[in-house]
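Coordinates as given in start.pdb (PDB, C-alpha atoms, pLDDT in the B column):
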ATOM      1  CA  MET A  29     -10.955   6.587   9.154  1.00 96.00           C
ATOM      2  CA  ILE A  30     -10.169   4.877   5.883  1.00 98.00           C
ATOM      3  CA  VAL A  31      -9.066   1.223   6.039  1.00 98.00           C
ATOM      4  CA  ARG A  32      -8.028  -0.595   2.863  1.00 98.00           C
ATOM      5  CA  ASP A  33      -6.252  -3.848   2.092  1.00 98.00           C
ATOM      6  CA  PHE A  34      -3.749  -4.026  -0.751  1.00 98.00           C
ATOM      7  CA  HIS A  35      -4.928  -7.569  -1.516  1.00 98.00           C
ATOM      8  CA  ASP A  36      -8.518  -6.396  -2.008  1.00 98.00           C
ATOM      9  CA  LEU A  37      -7.559  -3.395  -4.159  1.00 97.00           C
ATOM     10  CA  LYS A  38      -5.375  -5.538  -6.448  1.00 95.00           C
ATOM     11  CA  THR A  39      -8.492  -6.669  -8.308  1.00 94.00           C
ATOM     12  CA  THR A  40     -10.166  -3.254  -8.576  1.00 95.00           C
ATOM     13  CA  ASP A  41      -9.671  -0.212 -10.795  1.00 92.00           C
ATOM     14  CA  ARG A  42      -7.324   1.159  -8.134  1.00 94.00           C
ATOM     15  CA  SER A  43      -4.776  -1.296  -9.527  1.00 95.00           C
ATOM     16  CA  VAL A  44      -3.098   0.156 -12.609  1.00 93.00           C
ATOM     17  CA  SER A  45      -0.632  -1.768 -14.744  1.00 91.00           C
ATOM     18  CA  ASP A  46       1.759  -1.033 -17.523  1.00 84.00           C
ATOM     19  CA  GLN A  47       4.423  -3.276 -18.997  1.00 81.00           C
ATOM     20  CA  ASN A  48       6.162  -5.049 -16.093  1.00 90.00           C
ATOM     21  CA  TRP A  49       4.836  -2.481 -13.678  1.00 90.00           C
ATOM     22  CA  ASN A  50       1.805  -2.380 -11.359  1.00 95.00           C
ATOM     23  CA  SER A  51       0.655   0.331  -8.988  1.00 95.00           C
ATOM     24  CA  VAL A  52      -2.085  -0.124  -6.398  1.00 97.00           C
ATOM     25  CA  ARG A  53      -3.417   3.245  -5.319  1.00 97.00           C
ATOM     26  CA  MET A  54      -4.076   2.941  -1.598  1.00 98.00           C
ATOM     27  CA  LEU A  55      -4.809   6.700  -1.315  1.00 98.00           C
ATOM     28  CA  LEU A  56      -5.621   9.178  -4.085  1.00 97.00           C
ATOM     29  CA  ALA A  57      -6.294  12.911  -4.208  1.00 97.00           C
ATOM     30  CA  ASP A  58      -9.996  12.544  -3.474  1.00 96.00           C
ATOM     31  CA  ASP A  59      -9.223  10.906  -0.135  1.00 97.00           C
ATOM     32  CA  GLY A  60      -8.269  14.380   1.044  1.00 97.00           C
ATOM     33  CA  MET A  61      -5.018  13.487   2.814  1.00 98.00           C
ATOM     34  CA  GLY A  62      -2.933  15.946   0.781  1.00 97.00           C
ATOM     35  CA  PHE A  63      -0.711  13.170  -0.582  1.00 98.00           C
ATOM     36  CA  SER A  64      -1.291   9.917  -2.408  1.00 98.00           C
ATOM     37  CA  PHE A  65       0.123   6.560  -1.379  1.00 98.00           C
ATOM     38  CA  HIS A  66       0.781   3.667  -3.733  1.00 98.00           C
ATOM     39  CA  ILE A  67       2.235   0.173  -3.541  1.00 98.00           C
ATOM     40  CA  THR A  68       4.159  -0.287  -6.755  1.00 97.00           C
ATOM     41  CA  THR A  69       5.567  -3.586  -8.005  1.00 98.00           C
ATOM     42  CA  ILE A  70       8.212  -3.649 -10.731  1.00 97.00           C
ATOM     43  CA  GLY A  71       9.105  -6.851 -12.529  1.00 96.00           C
ATOM     44  CA  GLY A  72      12.645  -8.253 -12.442  1.00 96.00           C
ATOM     45  CA  GLY A  73      14.849  -7.640 -15.457  1.00 95.00           C
ATOM     46  CA  THR A  74      13.077  -4.417 -16.501  1.00 96.00           C
ATOM     47  CA  GLU A  75      13.982  -0.747 -16.520  1.00 95.00           C
ATOM     48  CA  HIS A  76      11.787   2.341 -16.377  1.00 93.00           C
ATOM     49  CA  THR A  77      12.513   6.022 -16.877  1.00 93.00           C
ATOM     50  CA  PHE A  78      10.324   8.566 -15.095  1.00 91.00           C
ATOM     51  CA  HIS A  79      10.398  12.309 -14.728  1.00 91.00           C
ATOM     52  CA  TYR A  80       7.769  13.693 -12.357  1.00 90.00           C
ATOM     53  CA  LYS A  81       8.104  17.329 -13.293  1.00 89.00           C
ATOM     54  CA  HIS A  82       5.007  18.328 -11.371  1.00 90.00           C
ATOM     55  CA  HIS A  83       5.177  16.036  -8.335  1.00 93.00           C
ATOM     56  CA  PHE A  84       7.479  15.195  -5.462  1.00 97.00           C
ATOM     57  CA  GLU A  85       7.761  11.442  -4.956  1.00 97.00           C
ATOM     58  CA  SER A  86       9.368   9.337  -2.255  1.00 98.00           C
ATOM     59  CA  VAL A  87       9.900   5.607  -2.741  1.00 98.00           C
ATOM     60  CA  TYR A  88      10.684   3.126   0.035  1.00 98.00           C
ATOM     61  CA  CYS A  89      11.844  -0.389  -0.850  1.00 98.00           C
ATOM     62  CA  ILE A  90       9.900  -3.088   0.999  1.00 98.00           C
ATOM     63  CA  SER A  91      11.422  -5.998  -0.904  1.00 98.00           C
ATOM     64  CA  GLY A  92      13.435  -6.810  -4.005  1.00 98.00           C
ATOM     65  CA  LYS A  93      16.652  -5.549  -5.531  1.00 98.00           C
ATOM     66  CA  GLY A  94      17.511  -2.930  -8.112  1.00 98.00           C
ATOM     67  CA  SER A  95      19.064   0.466  -8.654  1.00 98.00           C
ATOM     68  CA  ILE A  96      18.189   4.045  -9.474  1.00 98.00           C
ATOM     69  CA  GLU A  97      20.228   6.233 -11.804  1.00 98.00           C
ATOM     70  CA  ASP A  98      20.053  10.001 -11.516  1.00 97.00           C
ATOM     71  CA  LEU A  99      20.048  10.949 -15.183  1.00 96.00           C
ATOM     72  CA  ALA A 100      21.351  14.450 -14.488  1.00 95.00           C
ATOM     73  CA  THR A 101      24.537  13.205 -12.790  1.00 96.00           C
ATOM     74  CA  GLY A 102      24.843   9.563 -13.856  1.00 97.00           C
ATOM     75  CA  GLU A 103      25.071   8.583 -10.200  1.00 97.00           C
ATOM     76  CA  VAL A 104      23.666   5.118  -9.423  1.00 98.00           C
ATOM     77  CA  HIS A 105      22.259   4.071  -6.027  1.00 98.00           C
ATOM     78  CA  GLN A 106      21.475   0.514  -5.056  1.00 98.00           C
ATOM     79  CA  ILE A 107      17.873  -0.231  -4.021  1.00 98.00           C
ATOM     80  CA  THR A 108      17.487  -2.925  -1.377  1.00 98.00           C
ATOM     81  CA  PRO A 109      14.915  -3.351   1.417  1.00 98.00           C
ATOM     82  CA  GLY A 110      15.077  -0.321   3.722  1.00 98.00           C
ATOM     83  CA  VAL A 111      16.425   2.091   1.094  1.00 98.00           C
ATOM     84  CA  MET A 112      14.345   5.170   0.285  1.00 98.00           C
ATOM     85  CA  TYR A 113      14.855   7.658  -2.499  1.00 98.00           C
ATOM     86  CA  ALA A 114      13.093  11.005  -2.642  1.00 98.00           C
ATOM     87  CA  LEU A 115      12.880  13.034  -5.841  1.00 97.00           C
ATOM     88  CA  ASP A 116      13.085  16.418  -4.168  1.00 97.00           C
ATOM     89  CA  LYS A 117      14.332  18.105  -7.341  1.00 95.00           C
ATOM     90  CA  HIS A 118      11.855  16.387  -9.670  1.00 93.00           C
ATOM     91  CA  ASP A 119      14.882  14.333 -10.717  1.00 94.00           C
ATOM     92  CA  LYS A 120      14.641  12.472 -14.004  1.00 95.00           C
ATOM     93  CA  HIS A 121      15.696   8.919 -13.245  1.00 96.00           C
ATOM     94  CA  THR A 122      15.868   5.349 -14.434  1.00 97.00           C
ATOM     95  CA  VAL A 123      14.895   2.475 -12.132  1.00 97.00           C
ATOM     96  CA  ARG A 124      16.466  -0.871 -12.991  1.00 98.00           C
ATOM     97  CA  CYS A 125      15.008  -3.939 -11.365  1.00 98.00           C
ATOM     98  CA  GLU A 126      17.081  -7.086 -10.775  1.00 98.00           C
ATOM     99  CA  GLU A 127      14.572  -8.911  -8.532  1.00 98.00           C
ATOM    100  CA  THR A 128      10.895  -7.929  -8.280  1.00 98.00           C
ATOM    101  CA  LEU A 129      10.720  -4.646  -6.376  1.00 98.00           C
ATOM    102  CA  VAL A 130       7.840  -3.866  -4.019  1.00 98.00           C
ATOM    103  CA  LEU A 131       7.855  -0.148  -3.267  1.00 98.00           C
ATOM    104  CA  ALA A 132       5.828   2.165  -1.010  1.00 98.00           C
ATOM    105  CA  CYS A 133       5.420   5.474  -2.868  1.00 98.00           C
ATOM    106  CA  CYS A 134       4.123   8.872  -1.701  1.00 98.00           C
ATOM    107  CA  PHE A 135       3.235  11.670  -4.107  1.00 97.00           C
ATOM    108  CA  ASN A 136       2.724  15.365  -3.414  1.00 97.00           C
ATOM    109  CA  PRO A 137       0.566  16.781  -4.850  1.00 96.00           C
ATOM    110  CA  PRO A 138      -1.525  13.639  -4.642  1.00 96.00           C
ATOM    111  CA  VAL A 139      -2.097  11.670  -7.813  1.00 94.00           C
ATOM    112  CA  THR A 140      -5.742  11.840  -8.912  1.00 92.00           C
ATOM    113  CA  GLY A 141      -5.725   8.386 -10.505  1.00 86.00           C
ATOM    114  CA  THR A 142      -6.435   9.628 -14.014  1.00 80.00           C
ATOM    115  CA  GLU A 143      -2.840  10.494 -14.959  1.00 76.00           C
ATOM    116  CA  VAL A 144      -0.967   8.544 -17.569  1.00 69.00           C
ATOM    117  CA  HIS A 145       2.782   8.566 -18.023  1.00 68.00           C
ATOM    118  CA  ARG A 146       3.522  10.942 -20.867  1.00 70.00           C
ATOM    119  CA  GLU A 147       6.260  10.379 -23.395  1.00 72.00           C
ATOM    120  CA  ASP A 148       8.634  12.520 -21.372  1.00 75.00           C
ATOM    121  CA  GLY A 149       8.145  10.240 -18.306  1.00 70.00           C
ATOM    122  CA  SER A 150       6.083  12.789 -16.384  1.00 75.00           C
ATOM    123  CA  TYR A 151       2.556  12.885 -15.086  1.00 77.00           C
ATOM    124  CA  ALA A 152       0.573  15.935 -16.115  1.00 75.00           C
ATOM    125  CA  PRO A 153      -0.049  18.477 -13.355  1.00 72.00           C
ATOM    126  CA  ALA A 154      -3.349  17.869 -11.569  1.00 64.00           C
ATOM    127  CA  GLU A 155      -5.156  20.677 -13.376  1.00 61.00           C
ATOM    128  CA  GLU A 156      -4.437  19.032 -16.748  1.00 58.00           C
ATOM    129  CA  SER A 157      -5.443  15.508 -15.720  1.00 48.00           C
ATOM    130  CA  ALA A 158      -8.556  16.326 -13.693  1.00 40.00           C
TER     131      ALA A 158
ATOM    132  CA  MET B  19      17.744  13.313  -5.063  1.00 96.00           C
ATOM    133  CA  ILE B  20      17.810  12.160  -1.464  1.00 98.00           C
ATOM    134  CA  VAL B  21      18.811   8.532  -0.831  1.00 98.00           C
ATOM    135  CA  ARG B  22      18.712   7.122   2.706  1.00 98.00           C
ATOM    136  CA  ASP B  23      18.875   3.657   4.204  1.00 98.00           C
ATOM    137  CA  PHE B  24      16.685   2.750   7.169  1.00 98.00           C
ATOM    138  CA  HIS B  25      19.498   0.590   8.563  1.00 98.00           C
ATOM    139  CA  ASP B  26      21.913   3.550   8.611  1.00 98.00           C
ATOM    140  CA  LEU B  27      19.395   5.970  10.148  1.00 97.00           C
ATOM    141  CA  LYS B  28      18.536   3.489  12.955  1.00 95.00           C
ATOM    142  CA  THR B  29      21.675   4.583  14.841  1.00 93.00           C
ATOM    143  CA  THR B  30      21.266   8.336  14.312  1.00 95.00           C
ATOM    144  CA  ASP B  31      19.111  11.024  15.898  1.00 92.00           C
ATOM    145  CA  ARG B  32      16.551  10.386  13.159  1.00 94.00           C
ATOM    146  CA  SER B  33      15.607   7.292  15.159  1.00 95.00           C
ATOM    147  CA  VAL B  34      13.240   8.224  17.991  1.00 93.00           C
ATOM    148  CA  SER B  35      12.045   5.757  20.595  1.00 91.00           C
ATOM    149  CA  ASP B  36       9.450   5.666  23.302  1.00 84.00           C
ATOM    150  CA  GLN B  37       8.310   2.682  25.358  1.00 81.00           C
ATOM    151  CA  ASN B  38       7.939  -0.279  22.966  1.00 90.00           C
ATOM    152  CA  TRP B  39       7.855   2.070  20.016  1.00 90.00           C
ATOM    153  CA  ASN B  40      10.494   3.299  17.557  1.00 95.00           C
ATOM    154  CA  SER B  41      10.181   5.662  14.627  1.00 95.00           C
ATOM    155  CA  VAL B  42      12.883   6.219  12.019  1.00 97.00           C
ATOM    156  CA  ARG B  43      12.303   9.470  10.210  1.00 97.00           C
ATOM    157  CA  MET B  44      13.238   8.838   6.596  1.00 98.00           C
ATOM    158  CA  LEU B  45      11.893  12.268   5.528  1.00 98.00           C
ATOM    159  CA  LEU B  46      11.119  15.291   7.686  1.00 97.00           C
ATOM    160  CA  ALA B  47       9.713  18.755   7.036  1.00 97.00           C
ATOM    161  CA  ASP B  48      13.082  20.254   6.161  1.00 96.00           C
ATOM    162  CA  ASP B  49      13.482  17.826   3.273  1.00 97.00           C
ATOM    163  CA  GLY B  50      10.913  19.962   1.478  1.00 97.00           C
ATOM    164  CA  MET B  51       8.733  17.153   0.129  1.00 98.00           C
ATOM    165  CA  GLY B  52       5.542  18.497   1.748  1.00 97.00           C
ATOM    166  CA  PHE B  53       5.044  15.303   3.759  1.00 98.00           C
ATOM    167  CA  SER B  54       7.152  13.289   6.157  1.00 98.00           C
ATOM    168  CA  PHE B  55       7.790   9.561   5.904  1.00 98.00           C
ATOM    169  CA  HIS B  56       8.625   7.300   8.817  1.00 98.00           C
ATOM    170  CA  ILE B  57       9.243   3.622   9.412  1.00 98.00           C
ATOM    171  CA  THR B  58       7.667   2.857  12.766  1.00 97.00           C
ATOM    172  CA  THR B  59       8.147  -0.358  14.727  1.00 98.00           C
ATOM    173  CA  ILE B  60       5.772  -1.265  17.560  1.00 97.00           C
ATOM    174  CA  GLY B  61       6.611  -4.025  20.014  1.00 96.00           C
ATOM    175  CA  GLY B  62       4.363  -7.068  20.410  1.00 96.00           C
ATOM    176  CA  GLY B  63       1.967  -7.119  23.351  1.00 96.00           C
ATOM    177  CA  THR B  64       1.714  -3.330  23.623  1.00 96.00           C
ATOM    178  CA  GLU B  65      -0.991  -0.750  22.971  1.00 95.00           C
ATOM    179  CA  HIS B  66      -0.749   2.917  22.076  1.00 93.00           C
ATOM    180  CA  THR B  67      -3.337   5.678  21.874  1.00 93.00           C
ATOM    181  CA  PHE B  68      -2.712   8.584  19.496  1.00 91.00           C
ATOM    182  CA  HIS B  69      -4.736  11.555  18.395  1.00 91.00           C
ATOM    183  CA  TYR B  70      -3.098  13.619  15.654  1.00 90.00           C
ATOM    184  CA  LYS B  71      -5.346  16.637  15.860  1.00 89.00           C
ATOM    185  CA  HIS B  72      -3.131  18.709  13.593  1.00 90.00           C
ATOM    186  CA  HIS B  73      -1.891  16.122  11.112  1.00 93.00           C
ATOM    187  CA  PHE B  74      -3.243  13.641   8.593  1.00 97.00           C
ATOM    188  CA  GLU B  75      -1.474  10.293   8.867  1.00 97.00           C
ATOM    189  CA  SER B  76      -1.570   7.164   6.740  1.00 98.00           C
ATOM    190  CA  VAL B  77      -0.088   3.896   7.986  1.00 98.00           C
ATOM    191  CA  TYR B  78       0.714   0.886   5.807  1.00 98.00           C
ATOM    192  CA  CYS B  79       1.533  -2.450   7.443  1.00 98.00           C
ATOM    193  CA  ILE B  80       4.715  -4.022   6.059  1.00 98.00           C
ATOM    194  CA  SER B  81       4.856  -6.856   8.593  1.00 98.00           C
ATOM    195  CA  GLY B  82       3.388  -7.978  11.911  1.00 98.00           C
ATOM    196  CA  LYS B  83      -0.096  -8.330  13.337  1.00 98.00           C
ATOM    197  CA  GLY B  84      -2.351  -6.099  15.389  1.00 98.00           C
ATOM    198  CA  SER B  85      -5.483  -4.014  15.315  1.00 98.00           C
ATOM    199  CA  ILE B  86      -6.685  -0.417  15.352  1.00 98.00           C
ATOM    200  CA  GLU B  87      -9.698   0.773  17.314  1.00 98.00           C
ATOM    201  CA  ASP B  88     -11.522   3.923  16.257  1.00 97.00           C
ATOM    202  CA  LEU B  89     -12.217   5.441  19.673  1.00 96.00           C
ATOM    203  CA  ALA B  90     -15.138   7.505  18.356  1.00 95.00           C
ATOM    204  CA  THR B  91     -17.076   4.464  17.136  1.00 96.00           C
ATOM    205  CA  GLY B  92     -15.499   1.485  18.920  1.00 97.00           C
ATOM    206  CA  GLU B  93     -14.947  -0.172  15.553  1.00 97.00           C
ATOM    207  CA  VAL B  94     -11.888  -2.447  15.395  1.00 98.00           C
ATOM    208  CA  HIS B  95      -9.950  -3.236  12.206  1.00 98.00           C
ATOM    209  CA  GLN B  96      -7.325  -5.961  11.927  1.00 98.00           C
ATOM    210  CA  ILE B  97      -3.846  -4.896  10.868  1.00 98.00           C
ATOM    211  CA  THR B  98      -1.930  -7.423   8.790  1.00 98.00           C
ATOM    212  CA  PRO B  99       0.627  -6.980   5.974  1.00 98.00           C
ATOM    213  CA  GLY B 100      -0.980  -5.017   3.139  1.00 98.00           C
ATOM    214  CA  VAL B 101      -3.541  -3.211   5.306  1.00 98.00           C
ATOM    215  CA  MET B 102      -3.462   0.583   5.373  1.00 98.00           C
ATOM    216  CA  TYR B 103      -5.370   2.926   7.616  1.00 98.00           C
ATOM    217  CA  ALA B 104      -5.631   6.661   6.999  1.00 98.00           C
ATOM    218  CA  LEU B 105      -6.720   9.085   9.700  1.00 97.00           C
ATOM    219  CA  ASP B 106      -8.589  11.439   7.396  1.00 97.00           C
ATOM    220  CA  LYS B 107     -10.722  12.797  10.236  1.00 95.00           C
ATOM    221  CA  HIS B 108      -7.851  13.158  12.708  1.00 93.00           C
ATOM    222  CA  ASP B 109      -9.373  10.072  14.311  1.00 94.00           C
ATOM    223  CA  LYS B 110      -8.391   9.311  17.896  1.00 95.00           C
ATOM    224  CA  HIS B 111      -7.348   5.676  17.925  1.00 96.00           C
ATOM    225  CA  THR B 112      -5.681   2.864  19.817  1.00 97.00           C
ATOM    226  CA  VAL B 113      -3.208   0.549  18.085  1.00 97.00           C
ATOM    227  CA  ARG B 114      -2.821  -2.876  19.691  1.00 98.00           C
ATOM    228  CA  CYS B 115       0.118  -4.972  18.616  1.00 98.00           C
ATOM    229  CA  GLU B 116       0.084  -8.769  18.803  1.00 98.00           C
ATOM    230  CA  GLU B 117       3.279  -9.400  16.825  1.00 98.00           C
ATOM    231  CA  THR B 118       5.902  -6.709  16.156  1.00 98.00           C
ATOM    232  CA  LEU B 119       4.427  -4.287  13.638  1.00 98.00           C
ATOM    233  CA  VAL B 120       6.598  -2.579  11.010  1.00 98.00           C
ATOM    234  CA  LEU B 121       4.654   0.327   9.538  1.00 98.00           C
ATOM    235  CA  ALA B 122       5.273   2.859   6.754  1.00 98.00           C
ATOM    236  CA  CYS B 123       3.767   6.181   7.887  1.00 98.00           C
ATOM    237  CA  CYS B 124       3.154   9.430   5.988  1.00 98.00           C
ATOM    238  CA  PHE B 125       2.292  12.702   7.732  1.00 97.00           C
ATOM    239  CA  ASN B 126       0.822  15.879   6.271  1.00 97.00           C
ATOM    240  CA  PRO B 127       1.817  18.480   7.274  1.00 96.00           C
ATOM    241  CA  PRO B 128       5.263  16.939   7.578  1.00 96.00           C
ATOM    242  CA  VAL B 129       6.599  16.242  11.054  1.00 94.00           C
ATOM    243  CA  THR B 130       9.528  18.531  11.877  1.00 92.00           C
ATOM    244  CA  GLY B 131      11.228  15.994  14.148  1.00 86.00           C
ATOM    245  CA  THR B 132      10.982  18.096  17.272  1.00 80.00           C
ATOM    246  CA  GLU B 133       7.436  17.113  18.221  1.00 76.00           C
ATOM    247  CA  VAL B 134       6.710  15.031  21.306  1.00 69.00           C
ATOM    248  CA  HIS B 135       3.500  13.158  21.936  1.00 69.00           C
ATOM    249  CA  ARG B 136       1.447  15.291  24.291  1.00 70.00           C
ATOM    250  CA  GLU B 137      -0.732  13.900  27.034  1.00 72.00           C
ATOM    251  CA  ASP B 138      -3.749  14.012  24.736  1.00 75.00           C
ATOM    252  CA  GLY B 139      -1.961  11.772  22.196  1.00 70.00           C
ATOM    253  CA  SER B 140      -1.424  14.575  19.685  1.00 75.00           C
ATOM    254  CA  TYR B 141       1.586  16.252  18.177  1.00 77.00           C
ATOM    255  CA  ALA B 142       1.602  20.026  18.461  1.00 75.00           C
ATOM    256  CA  PRO B 143       0.974  21.901  15.232  1.00 73.00           C
ATOM    257  CA  ALA B 144       4.215  22.805  13.445  1.00 64.00           C
ATOM    258  CA  GLU B 145       4.149  26.432  14.532  1.00 61.00           C
ATOM    259  CA  GLU B 146       4.198  25.369  18.213  1.00 58.00           C
ATOM    260  CA  SER B 147       6.966  22.780  17.853  1.00 48.00           C
ATOM    261  CA  ALA B 148       9.274  24.649  15.482  1.00 40.00           C
TER     262      ALA B 148
END
As a first step, turn the structure in this file into structure tokens.
Amino acid sequence: MIVRDFHDLKTTDRSVSDQNWNSVRMLLADDGMGFSFHITTIGGGTEHTFHYKHHFESVYCISGKGSIEDLATGEVHQITPGVMYALDKHDKHTVRCEETLVLACCFNPPVTGTEVHREDGSYAPAEESA
Amino acid sequence: MIVRDFHDLKTTDRSVSDQNWNSVRMLLADDGMGFSFHITTIGGGTEHTFHYKHHFESVYCISGKGSIEDLATGEVHQITPGVMYALDKHDKHTVRCEETLVLACCFNPPVTGTEVHREDGSYAPAEESA
């Protein structure tokens, strides 16, 4: 059994930050669960475009307020506590944050922890980032 | 892109309850994500023994207070907001809830939604419950 506390991991190399964006990797590929699990915090007043071409991701809003735009259709969905979005078609999307968003994120295949966001908003497939 | 709100699903057949226990299935096997994602609420003052012999499960505490006992070792871990446990060895365990726990749970393989907890605390493997 693995037991980890977000508050402890915040100050370790499992906490990865970019501009106005932090992700604490609670579970990564080498934990052997077959998915990875992250707590991601996005700063208010920012927007971020991602395109996980090689991963499925689900995102559940724990707290905060924002929106997600599906860039293929232009459709916008509000993000409030209790809302989940799942990128089942590797959907390219923009997240806009009005008030700091705290999000519980699952990735399949699991993130290894060595990926970086590429210019096209994707993570490399696992075989390229390993 | 799938977008669902916990508050809407609470009153549908995606919300499954047992004694002092409710699970809202935000994502199930047929969503094709390769994992399932559930928001589970456990009532204060209750305890529950589970043994997912055929699934990996991770559980992240959003709110509440309780503990998890690893029944193989007797070790007890406190559950407070920010704590995650992951049953990477299909660990048989007892969850004790002091104050209503709200938990974000991921299962691999994904739960189909038709499983019931068997007497041994497990879910059947997908091929038996499909």
Select from segment 46-100 of chain A every residue with an atom at most 6 Å from any atom of segment 118-139 of chain A, then for each give the shortest pair of atoms and their distance in Å to one decimal, using all atoms listed in the file, rows by chain and rising number, as CSV.
residue,atom,partner,partner_atom,distance
A:Leu56,CA,A:Val139,CA,5.7
A:Ala57,CA,A:Pro138,CA,4.8
A:Phe63,CA,A:Pro138,CA,4.2
A:Ser64,CA,A:Pro138,CA,4.3
A:Phe65,CA,A:Cys134,CA,4.6
A:His66,CA,A:Cys133,CA,5.1
A:Ile67,CA,A:Ala132,CA,4.8
A:Thr68,CA,A:Leu131,CA,5.1
A:Thr69,CA,A:Val130,CA,4.6
A:Ile70,CA,A:Leu129,CA,5.1
A:Gly71,CA,A:Thr128,CA,4.7
A:Gly72,CA,A:Glu127,CA,4.4
A:Gly73,CA,A:Glu126,CA,5.2
A:Thr74,CA,A:Cys125,CA,5.5
A:Glu75,CA,A:Arg124,CA,4.3
A:His76,CA,A:Val123,CA,5.3
A:Thr77,CA,A:Thr122,CA,4.2
A:Phe78,CA,A:His121,CA,5.7
A:His79,CA,A:Lys120,CA,4.3
A:Tyr80,CA,A:His118,CA,5.6
A:Lys81,CA,A:His118,CA,5.3
A:His83,CA,A:Asn136,CA,5.5
A:Phe84,CA,A:Asn136,CA,5.2
A:Glu85,CA,A:Phe135,CA,4.6
A:Ser86,CA,A:Cys134,CA,5.3
A:Val87,CA,A:Cys133,CA,4.5
A:Tyr88,CA,A:Ala132,CA,5.1
A:Cys89,CA,A:Leu131,CA,4.7
A:Ile90,CA,A:Val130,CA,5.5
A:Ser91,CA,A:Val130,CA,5.2
A:Gly92,CA,A:Leu129,CA,4.2
A:Lys93,CA,A:Glu127,CA,5.0
A:Gly94,CA,A:Cys125,CA,4.2
A:Ser95,CA,A:Arg124,CA,5.2
A:Ile96,CA,A:Val123,CA,4.5
A:Glu97,CA,A:Thr122,CA,5.2
A:Asp98,CA,A:His121,CA,4.8
A:Leu99,CA,A:His121,CA,5.2
Atoms kept (C-alpha atoms) for selection, written as an mmCIF file, in the frame of the given file:
data_model
loop_
_atom_site.group_PDB
_atom_site.id
_atom_site.type_symbol
_atom_site.label_atom_id
_atom_site.label_comp_id
_atom_site.auth_asym_id
_atom_site.auth_seq_id
_atom_site.Cartn_x
_atom_site.Cartn_y
_atom_site.Cartn_z
ATOM 1 C CA LEU A 56 -5.621 9.178 -4.085
ATOM 2 C CA ALA A 57 -6.294 12.911 -4.208
ATOM 3 C CA PHE A 63 -0.711 13.170 -0.582
ATOM 4 C CA SER A 64 -1.291 9.917 -2.408
ATOM 5 C CA PHE A 65 0.123 6.560 -1.379
ATOM 6 C CA HIS A 66 0.781 3.667 -3.733
ATOM 7 C CA ILE A 67 2.235 0.173 -3.541
ATOM 8 C CA THR A 68 4.159 -0.287 -6.755
ATOM 9 C CA THR A 69 5.567 -3.586 -8.005
ATOM 10 C CA ILE A 70 8.212 -3.649 -10.731
ATOM 11 C CA GLY A 71 9.105 -6.851 -12.529
ATOM 12 C CA GLY A 72 12.645 -8.253 -12.442
ATOM 13 C CA GLY A 73 14.849 -7.640 -15.457
ATOM 14 C CA THR A 74 13.077 -4.417 -16.501
ATOM 15 C CA GLU A 75 13.982 -0.747 -16.520
ATOM 16 C CA HIS A 76 11.787 2.341 -16.377
ATOM 17 C CA THR A 77 12.513 6.022 -16.877
ATOM 18 C CA PHE A 78 10.324 8.566 -15.095
ATOM 19 C CA HIS A 79 10.398 12.309 -14.728
ATOM 20 C CA TYR A 80 7.769 13.693 -12.357
ATOM 21 C CA LYS A 81 8.104 17.329 -13.293
ATOM 22 C CA HIS A 83 5.177 16.036 -8.335
ATOM 23 C CA PHE A 84 7.479 15.195 -5.462
ATOM 24 C CA GLU A 85 7.761 11.442 -4.956
ATOM 25 C CA SER A 86 9.368 9.337 -2.255
ATOM 26 C CA VAL A 87 9.900 5.607 -2.741
ATOM 27 C CA TYR A 88 10.684 3.126 0.035
ATOM 28 C CA CYS A 89 11.844 -0.389 -0.850
ATOM 29 C CA ILE A 90 9.900 -3.088 0.999
ATOM 30 C CA SER A 91 11.422 -5.998 -0.904
ATOM 31 C CA GLY A 92 13.435 -6.810 -4.005
ATOM 32 C CA LYS A 93 16.652 -5.549 -5.531
ATOM 33 C CA GLY A 94 17.511 -2.930 -8.112
ATOM 34 C CA SER A 95 19.064 0.466 -8.654
ATOM 35 C CA ILE A 96 18.189 4.045 -9.474
ATOM 36 C CA GLU A 97 20.228 6.233 -11.804
ATOM 37 C CA ASP A 98 20.053 10.001 -11.516
ATOM 38 C CA LEU A 99 20.048 10.949 -15.183
#
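As for atom CA of Val42 of chain B and atom CA of Asp23 of chain B, they are spaced 10.2 Å apart.
For the structure shown here, the set of residues caught by the ChimeraX specification (/A :<6) & /B is B:Met19, B:Ile20, B:Val21, B:Arg22, B:Asp23, B:Phe24, B:Gly100, B:Val101, B:Met102, B:Tyr103, B:Ala104, B:Leu105, B:Asp106.
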For segment 130-146 of chain A, take all atoms listed in the file, fit an axis-aligned box around them, add 8 Å to each of the six sides, then output centre and edge lengths in Å rounded to one decimal, as JSON.
{"center_x": 0.7, "center_y": 6.5, "center_z": -10.9, "size_x": 30.3, "size_y": 36.6, "size_z": 35.9}
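For the pair atom CA of Gln47 of chain A and atom CA of Glu147 of chain A, the interatomic distance is 14.5 Å.
What separates atom CA of Gly149 of chain A from atom CA of Thr40 of chain A is a distance of 24.7 Å.
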Write a file for segment 124-136 of chain B, containing C-alpha atoms (output as a CSV table (one decimal), in the first residue's frame).
chain,number,residue,atom,x,y,z
B,124,CYS,CA,-9.6,5.7,-9.6
B,125,PHE,CA,-9.9,2.1,-10.6
B,126,ASN,CA,-7.9,0.1,-13.1
B,127,PRO,CA,-9.3,-1.9,-14.8
B,128,PRO,CA,-12.2,0.5,-14.9
B,129,VAL,CA,-15.4,-0.5,-13.0
B,130,THR,CA,-18.2,-1.4,-15.4
B,131,GLY,CA,-20.9,-0.2,-13.0
B,132,THR,CA,-22.5,-3.6,-12.6
B,133,GLU,CA,-20.2,-4.9,-9.9
B,134,VAL,CA,-21.4,-5.6,-6.4
B,135,HIS,CA,-19.2,-6.0,-3.4
B,136,ARG,CA,-18.9,-9.7,-2.7
